[in-house]
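A.B. asks: Supplied structure: data-v9.txt, compact mmCIF, C-alpha atoms (C1' of nucleotides).
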```txt
# COMPACT_ATOMS: atom_id res chain seq x y z
CA MET A 1 0.00 0.00 0.00
CA GLY A 2 2.75 2.41 0.88
CA ASP A 3 4.33 1.02 -2.27
CA ASP A 4 2.11 2.87 -4.69
CA LYS A 5 2.76 6.20 -3.10
CA ALA A 6 6.49 5.52 -3.03
CA LYS A 7 6.42 4.74 -6.73
CA ILE A 8 4.57 7.93 -7.56
CA ASP A 9 6.89 10.02 -5.44
CA SER A 10 10.00 8.58 -7.01
CA CYS A 11 8.80 9.23 -10.53
CA GLU A 12 7.57 12.77 -10.15
CA ILE A 13 6.40 12.90 -13.76
CA ASN A 14 2.78 13.73 -14.53
CA ILE A 15 1.25 13.34 -17.90
CA ILE A 16 -1.96 15.16 -18.64
CA HIS A 17 -2.58 14.15 -22.24
CA GLU A 18 -1.11 10.70 -22.59
CA ASP A 19 -2.28 10.24 -26.19
CA ILE A 20 -0.58 13.42 -27.41
CA VAL A 21 2.66 12.68 -25.60
CA LYS A 22 2.73 9.18 -27.04
CA ARG A 23 2.03 10.29 -30.59
CA ILE A 24 4.61 13.08 -30.51
CA SER A 25 7.13 10.81 -28.86
CA GLU A 26 6.82 8.40 -31.77
CA ASN A 27 7.27 11.17 -34.33
CA MET A 28 10.31 12.81 -32.74
CA PRO A 29 13.46 12.62 -34.87
CA ASP A 30 16.33 10.53 -33.65
CA GLU A 31 17.88 11.87 -30.45
CA ASN A 32 21.34 12.11 -32.01
CA LEU A 33 20.06 14.13 -34.92
CA LEU A 34 18.53 16.61 -32.50
CA TYR A 35 21.82 16.89 -30.66
CA ASP A 36 23.63 17.50 -33.93
CA MET A 37 21.16 20.22 -34.83
CA ALA A 38 21.71 21.97 -31.52
CA ASP A 39 25.46 21.66 -32.02
CA LEU A 40 25.20 23.25 -35.45
CA PHE A 41 23.10 26.11 -34.14
CA ARG A 42 25.51 26.64 -31.29
CA VAL A 43 28.17 27.31 -33.90
CA PHE A 44 25.95 30.03 -35.34
CA GLY A 45 25.28 31.35 -31.86
CA ASP A 46 28.32 33.58 -31.57
CA SER A 47 28.54 37.00 -33.15
CA THR A 48 32.17 36.61 -34.18
CA ARG A 49 31.35 33.50 -36.16
CA VAL A 50 28.23 35.08 -37.62
CA LYS A 51 30.35 38.00 -38.80
CA ILE A 52 32.96 35.73 -40.31
CA LEU A 53 30.33 33.78 -42.23
CA HIS A 54 28.71 36.97 -43.43
CA ALA A 55 32.03 38.23 -44.68
CA LEU A 56 32.64 34.97 -46.51
CA PHE A 57 29.28 35.32 -48.28
CA GLU A 58 30.99 38.06 -50.26
CA SER A 59 34.39 36.59 -50.96
CA GLU A 60 37.08 34.25 -49.68
CA MET A 61 39.37 35.91 -47.17
CA CYS A 62 42.65 35.28 -45.43
CA VAL A 63 42.92 35.11 -41.65
CA CYS A 64 44.56 38.44 -41.04
CA ASP A 65 42.14 40.29 -43.29
CA ILE A 66 39.25 38.84 -41.32
CA ALA A 67 40.97 39.88 -38.12
CA ALA A 68 41.38 43.41 -39.48
CA LEU A 69 37.78 43.51 -40.68
CA LEU A 70 36.43 42.51 -37.29
CA ASN A 71 39.06 44.42 -35.34
CA MET A 72 40.07 41.36 -33.40
CA ASN A 73 43.37 39.63 -32.94
CA GLN A 74 44.57 36.92 -35.25
CA SER A 75 44.49 34.16 -32.66
CA ALA A 76 40.83 34.64 -31.83
CA ILE A 77 39.91 34.48 -35.51
CA SER A 78 42.02 31.41 -36.06
CA HIS A 79 40.33 29.63 -33.18
CA GLN A 80 36.90 30.47 -34.53
CA LEU A 81 37.78 29.41 -38.05
CA ARG A 82 38.73 26.05 -36.64
CA VAL A 83 35.29 25.73 -35.07
CA LEU A 84 33.65 26.67 -38.36
CA LYS A 85 35.77 24.17 -40.23
CA GLY A 86 34.95 21.49 -37.69
CA SER A 87 31.31 21.93 -38.60
CA ARG A 88 32.13 21.84 -42.31
CA LEU A 89 30.87 25.36 -42.76
CA VAL A 90 34.11 26.72 -44.22
CA LYS A 91 37.02 25.27 -46.10
CA ASN A 92 40.49 26.66 -46.71
CA ARG A 93 43.31 26.69 -49.19
CA ARG A 94 46.89 27.71 -48.69
CA ASP A 95 48.73 30.03 -51.04
CA GLY A 96 52.26 30.40 -49.76
CA LYS A 97 52.17 31.85 -46.29
CA VAL A 98 48.57 32.94 -46.62
CA VAL A 99 45.56 30.73 -45.88
CA TYR A 100 42.28 31.66 -47.54
CA TYR A 101 38.95 30.62 -46.05
CA SER A 102 35.69 30.32 -47.95
CA LEU A 103 32.19 28.93 -47.47
CA ASP A 104 31.76 25.18 -47.71
CA ASP A 105 28.00 24.97 -47.56
CA GLU A 106 25.12 26.19 -49.62
CA HIS A 107 22.60 26.07 -46.78
CA VAL A 108 24.11 28.67 -44.49
CA LYS A 109 22.86 31.59 -46.52
CA HIS A 110 19.31 30.20 -46.52
CA ILE A 111 19.47 29.66 -42.78
CA PHE A 112 20.68 33.22 -42.25
CA ASP A 113 18.00 34.59 -44.55
CA GLN A 114 15.28 32.84 -42.58
CA ALA A 115 16.76 34.09 -39.33
CA MET A 116 16.74 37.64 -40.71
CA ALA A 117 13.14 37.15 -41.73
CA HIS A 118 12.24 36.12 -38.21
CA LEU A 119 14.05 39.09 -36.71
CA LYS A 120 12.53 41.63 -39.06
CA HIS A 121 9.09 40.18 -38.65
CA LYS A 122 8.82 41.56 -35.12
CA MET B 1 60.67 58.43 -37.12
CA GLY B 2 60.26 56.30 -34.00
CA ASP B 3 56.66 57.49 -34.21
CA ASP B 4 55.74 55.38 -37.19
CA LYS B 5 57.07 52.22 -35.64
CA ALA B 6 55.30 52.98 -32.39
CA LYS B 7 52.05 53.42 -34.26
CA ILE B 8 52.44 50.11 -36.07
CA ASP B 9 53.34 48.28 -32.89
CA SER B 10 50.42 49.67 -31.01
CA CYS B 11 47.97 48.68 -33.70
CA GLU B 12 49.09 45.13 -34.32
CA ILE B 13 46.65 44.74 -37.17
CA ASN B 14 47.92 43.76 -40.60
CA ILE B 15 45.84 43.98 -43.70
CA ILE B 16 46.95 42.05 -46.73
CA HIS B 17 44.19 42.90 -49.20
CA GLU B 18 43.03 46.37 -48.27
CA ASP B 19 40.57 46.65 -51.16
CA ILE B 20 38.71 43.47 -50.21
CA VAL B 21 38.54 44.37 -46.54
CA LYS B 22 37.20 47.80 -47.38
CA ARG B 23 34.55 46.52 -49.77
CA ILE B 24 33.34 43.81 -47.41
CA SER B 25 33.38 46.20 -44.51
CA GLU B 26 30.99 48.48 -46.38
CA ASN B 27 28.65 45.62 -47.23
CA MET B 28 28.44 44.13 -43.74
CA PRO B 29 24.98 44.28 -42.18
CA ASP B 30 24.46 46.48 -39.19
CA GLU B 31 26.40 45.32 -36.15
CA ASN B 32 23.28 45.09 -34.00
CA LEU B 33 21.51 42.91 -36.52
CA LEU B 34 24.43 40.51 -36.46
CA TYR B 35 24.29 40.39 -32.69
CA ASP B 36 20.58 39.69 -32.83
CA MET B 37 21.17 36.88 -35.29
CA ALA B 38 23.74 35.28 -33.02
CA ASP B 39 21.35 35.65 -30.10
CA LEU B 40 18.61 33.92 -32.02
CA PHE B 41 20.87 31.05 -33.03
CA ARG B 42 22.07 30.70 -29.47
CA VAL B 43 18.47 29.98 -28.53
CA PHE B 44 18.45 27.16 -31.06
CA GLY B 45 21.79 25.97 -29.77
CA ASP B 46 20.50 23.83 -26.95
CA SER B 47 19.12 20.35 -27.44
CA THR B 48 16.34 20.78 -24.90
CA ARG B 49 15.01 23.80 -26.76
CA VAL B 50 15.43 22.07 -30.11
CA LYS B 51 13.40 19.17 -28.79
CA ILE B 52 10.68 21.44 -27.45
CA LEU B 53 10.37 23.24 -30.76
CA HIS B 54 10.26 19.97 -32.65
CA ALA B 55 7.49 18.75 -30.41
CA LEU B 56 5.54 21.94 -30.99
CA PHE B 57 5.79 21.45 -34.74
CA GLU B 58 3.26 18.67 -34.22
CA SER B 59 0.87 20.18 -31.75
CA GLU B 60 0.49 22.62 -28.89
CA MET B 61 1.47 21.11 -25.57
CA CYS B 62 1.24 21.89 -21.88
CA VAL B 63 4.31 22.23 -19.70
CA CYS B 64 4.06 18.96 -17.84
CA ASP B 65 3.44 16.98 -21.02
CA ILE B 66 6.60 18.44 -22.51
CA ALA B 67 8.45 17.56 -19.32
CA ALA B 68 7.15 14.00 -19.55
CA LEU B 69 8.02 13.76 -23.24
CA LEU B 70 11.59 14.85 -22.65
CA ASN B 71 11.91 13.07 -19.32
CA MET B 72 12.96 16.26 -17.56
CA ASN B 73 11.57 18.06 -14.59
CA GLN B 74 8.92 20.71 -14.89
CA SER B 75 11.12 23.55 -13.71
CA ALA B 76 13.74 23.03 -16.37
CA ILE B 77 11.09 23.02 -19.08
CA SER B 78 9.45 26.12 -17.70
CA HIS B 79 12.76 27.99 -17.69
CA GLN B 80 13.42 27.01 -21.29
CA LEU B 81 9.94 27.94 -22.42
CA ARG B 82 10.57 31.37 -21.00
CA VAL B 83 13.70 31.68 -23.13
CA LEU B 84 11.78 30.58 -26.21
CA LYS B 85 9.01 33.03 -25.47
CA GLY B 86 11.53 35.81 -24.96
CA SER B 87 12.69 35.25 -28.53
CA ARG B 88 9.09 35.19 -29.76
CA LEU B 89 9.45 31.63 -30.91
CA VAL B 90 6.55 30.30 -28.86
CA LYS B 91 3.38 31.73 -27.42
CA ASN B 92 1.09 30.41 -24.74
CA ARG B 93 -2.52 30.33 -23.63
CA ARG B 94 -3.92 29.42 -20.29
CA ASP B 95 -6.84 27.06 -19.84
CA GLY B 96 -7.61 26.79 -16.17
CA LYS B 97 -4.56 25.50 -14.38
CA VAL B 98 -2.94 24.32 -17.56
CA VAL B 99 -0.78 26.49 -19.83
CA TYR B 100 -0.45 25.43 -23.45
CA TYR B 101 2.53 26.45 -25.55
CA SER B 102 2.61 26.60 -29.32
CA LEU B 103 4.82 27.92 -32.11
CA ASP B 104 4.75 31.64 -32.73
CA ASP B 105 6.85 31.76 -35.86
CA GLU B 106 6.60 30.38 -39.35
CA HIS B 107 10.35 30.56 -40.03
CA VAL B 108 11.57 28.08 -37.45
CA LYS B 109 10.56 25.06 -39.46
CA HIS B 110 12.39 26.37 -42.53
CA ILE B 111 15.47 27.06 -40.48
CA PHE B 112 15.38 23.57 -39.01
CA ASP B 113 14.86 22.02 -42.44
CA GLN B 114 17.91 23.81 -43.81
CA ALA B 115 19.94 22.73 -40.80
CA MET B 116 18.85 19.15 -41.38
CA ALA B 117 19.86 19.48 -45.01
CA HIS B 118 23.30 20.65 -43.98
CA LEU B 119 23.71 17.78 -41.53
CA LYS B 120 22.57 15.10 -43.95
CA HIS B 121 24.67 16.50 -46.75
CA LYS B 122 27.86 15.32 -45.08
C1' DT C 1 70.39 28.76 -43.89
C1' DG C 2 67.95 32.12 -41.16
C1' DA C 3 65.09 36.20 -40.72
C1' DA C 4 60.39 37.67 -41.49
C1' DC C 5 55.81 36.72 -41.80
C1' DA C 6 51.03 34.25 -41.70
C1' DT C 7 48.70 31.03 -39.27
C1' DA C 8 47.79 27.43 -35.65
C1' DT C 9 47.58 25.77 -31.06
C1' DG C 10 47.64 24.90 -25.93
C1' DA C 11 46.78 26.72 -21.44
C1' DA C 12 44.39 29.82 -18.50
C1' DC C 13 40.81 32.80 -17.16
C1' DA C 14 36.47 35.21 -17.11
C1' DA C 15 31.85 35.16 -18.52
C1' DC C 16 27.84 32.72 -19.51
C1' DT C 17 24.23 29.08 -19.17
C1' DA C 18 21.34 24.80 -18.20
C1' DT C 19 19.66 22.37 -14.57
C1' DT C 20 18.16 21.58 -9.85
C1' DC C 21 16.06 22.74 -5.51
C1' DA C 22 12.99 25.28 -2.87
C1' DT C 23 9.26 27.99 -2.99
C1' DA C 24 5.87 31.37 -4.90
C1' DT C 25 1.84 32.28 -7.85
C1' DG C 26 -2.45 31.31 -9.82
C1' DT C 27 -6.42 28.24 -10.70
C1' DT C 28 -10.04 24.71 -9.62
C1' DC C 29 -13.27 22.44 -6.96
C1' DA C 30 -15.17 20.27 -2.93
C1' DT D 1 -12.13 28.92 2.31
C1' DG D 2 -8.39 25.67 1.75
C1' DA D 3 -6.44 21.56 -0.29
C1' DA D 4 -4.61 19.98 -4.66
C1' DC D 5 -2.51 20.85 -8.75
C1' DA D 6 0.01 23.26 -12.85
C1' DT D 7 3.22 26.51 -13.65
C1' DA D 8 6.70 30.22 -12.68
C1' DT D 9 10.69 32.03 -10.55
C1' DG D 10 15.01 33.07 -7.77
C1' DA D 11 19.31 31.34 -6.12
C1' DA D 12 23.03 28.21 -6.45
C1' DT D 13 26.05 25.27 -8.92
C1' DA D 14 28.49 22.71 -12.35
C1' DG D 15 29.77 22.67 -16.94
C1' DT D 16 30.80 25.10 -21.17
C1' DT D 17 32.94 28.59 -24.11
C1' DG D 18 35.31 32.91 -26.20
C1' DT D 19 39.30 35.47 -25.84
C1' DT D 20 44.06 36.38 -24.70
C1' DC D 21 48.86 35.32 -24.16
C1' DA D 22 52.75 32.82 -25.32
C1' DT D 23 54.65 29.99 -28.47
C1' DA D 24 54.88 26.53 -32.26
C1' DT D 25 54.47 25.42 -37.21
C1' DG D 26 55.02 26.23 -41.92
C1' DT D 27 56.31 29.19 -45.88
C1' DT D 28 59.08 32.63 -48.53
C1' DC D 29 63.00 34.91 -49.99
C1' DA D 30 67.39 37.16 -49.55
```
Can the structure from this file be put into structure tokens for me?

C.D. replies:
Amino acid sequence: MGDDKAKIDSCEINIIHEDIVKRISENMPDENLLYDMADLFRVFGDSTRVKILHALFESEMCVCDIAALLNMNQSAISHQLRVLKGSRLVKNRRDGKVVYYSLDDEHVKHIFDQAMAHLKHK
Amino acid sequence: MGDDKAKIDSCEINIIHEDIVKRISENMPDENLLYDMADLFRVFGDSTRVKILHALFESEMCVCDIAALLNMNQSAISHQLRVLKGSRLVKNRRDGKVVYYSLDDEHVKHIFDQAMAHLKHK
DNA sequence: TGAACATATGAACAACTATTCATATGTTCA
DNA sequence: TGAACATATGAATAGTTGTTCATATGTTCA
């Protein structure tokens, strides 16, 4: 008898609309895919990286030009470019001492456009 | 004479392609807009919020059903819903004791679709 | 070869954030 | 009214992350 109460207490989860929760639970994308999405968005969630990507919409650029453009030091830019490359958002090519970075994805611009649309909508 | 060197040392910024930097600098969107974009993406950059938004694609839901769906406690969900509401991504309505949350933006789904496309592309 | 330069990287620190716990608010209904 | 319930909120904490500093790597060219 005390058992039932103990069970309820230990769970602490209440469902009001069991049918809805069940249906949505079955339709949710794979957990790992959702994690990957959040990871991707986290990459976009920093203004330095957003600026870099915006700059690269226009043209490929070398590291120190990006640093000059954003008025930040070279190391910070280099670190962020590594993050962007890790997410396959930019690629690079070396020409002598200089390394040029450019976009490596056709979806970024669409994503940014939609984000702009959301922001301007309000 | 020492002045020039001092100036260069103090600046520490090197530009290799001045023309490109200047052109891109003029075409960059307003600084505040870029910050707002990063802020918006940061909201998407958490798997709990991504999951909540995905759930709301299907149907409006109350707080405790979302908590049950994601197997998290009610407080955590409530905090995250507040973040989502602050970015105008969800809205809510109260029906008695129960508060129902739903999507408040038609762009989120497009943004998520593009993100999926990027992820599946690699 | 070695000086000069462009970029990359590791460590450290400060700032931020998601979750939990405890509790407050607001609503229903007996 | 007050007990029960759904949700909201403030404080605290643990984990994460962006930048800086110092230095390493890799390339050119005299």

A.B. asks: Pick out the chain B residues within 8 Å of chain C. Count all atoms listed in the file. Give them as a list of chain:residue names.

C.D. replies: B:Ala76, B:Gly96, B:Lys97

A.B. asks: Could you save those same residues with C-alpha atoms as a PDB file, keeping the file's coordinate frame?

C.D. replies:
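File produced: out.pdb:
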```pdb
ATOM      1  CA  ALA B  76      13.740  23.030 -16.370  1.00  0.00           C
ATOM      2  CA  GLY B  96      -7.610  26.790 -16.170  1.00  0.00           C
ATOM      3  CA  LYS B  97      -4.560  25.500 -14.380  1.00  0.00           C
TER       4      LYS B  97
END
```

A.B. asks: Could you write out as a PyMOL selection string the residues of chain B within 10 Å of chain D, counting only C-alpha atoms (C1' of nucleotides)?

C.D. replies: chain B and resi 62-64+74-75+78-79+82+96-99

A.B. asks: Using only C-alpha atoms, select each residue of chain A with any atom at most 7 Å away from an atom of chain B, and give the selection as a PyMOL selection string.

C.D. replies: chain A and resi 13-17+21+24-25+28+34-35+37-39+41-42+44-47+50-51+55+58+64-65+68-69+107+111+114-115+118

A.B. asks: Please indicate the distance in Å from CA of Lys85 (chain B) to CA of Asp104 (chain B), rounded to one decimal place.

C.D. replies: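 CA of Asp104 (chain B) lies 8.5 Å from CA of Lys85 (chain B).
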
A.B. asks: Tell me, in Å to one decimal, how far CA of Leu81 (chain A) is from CA of Leu53 (chain A).

C.D. replies: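 Separating CA of Leu81 (chain A) from CA of Leu53 (chain A) is a distance of 9.6 Å.
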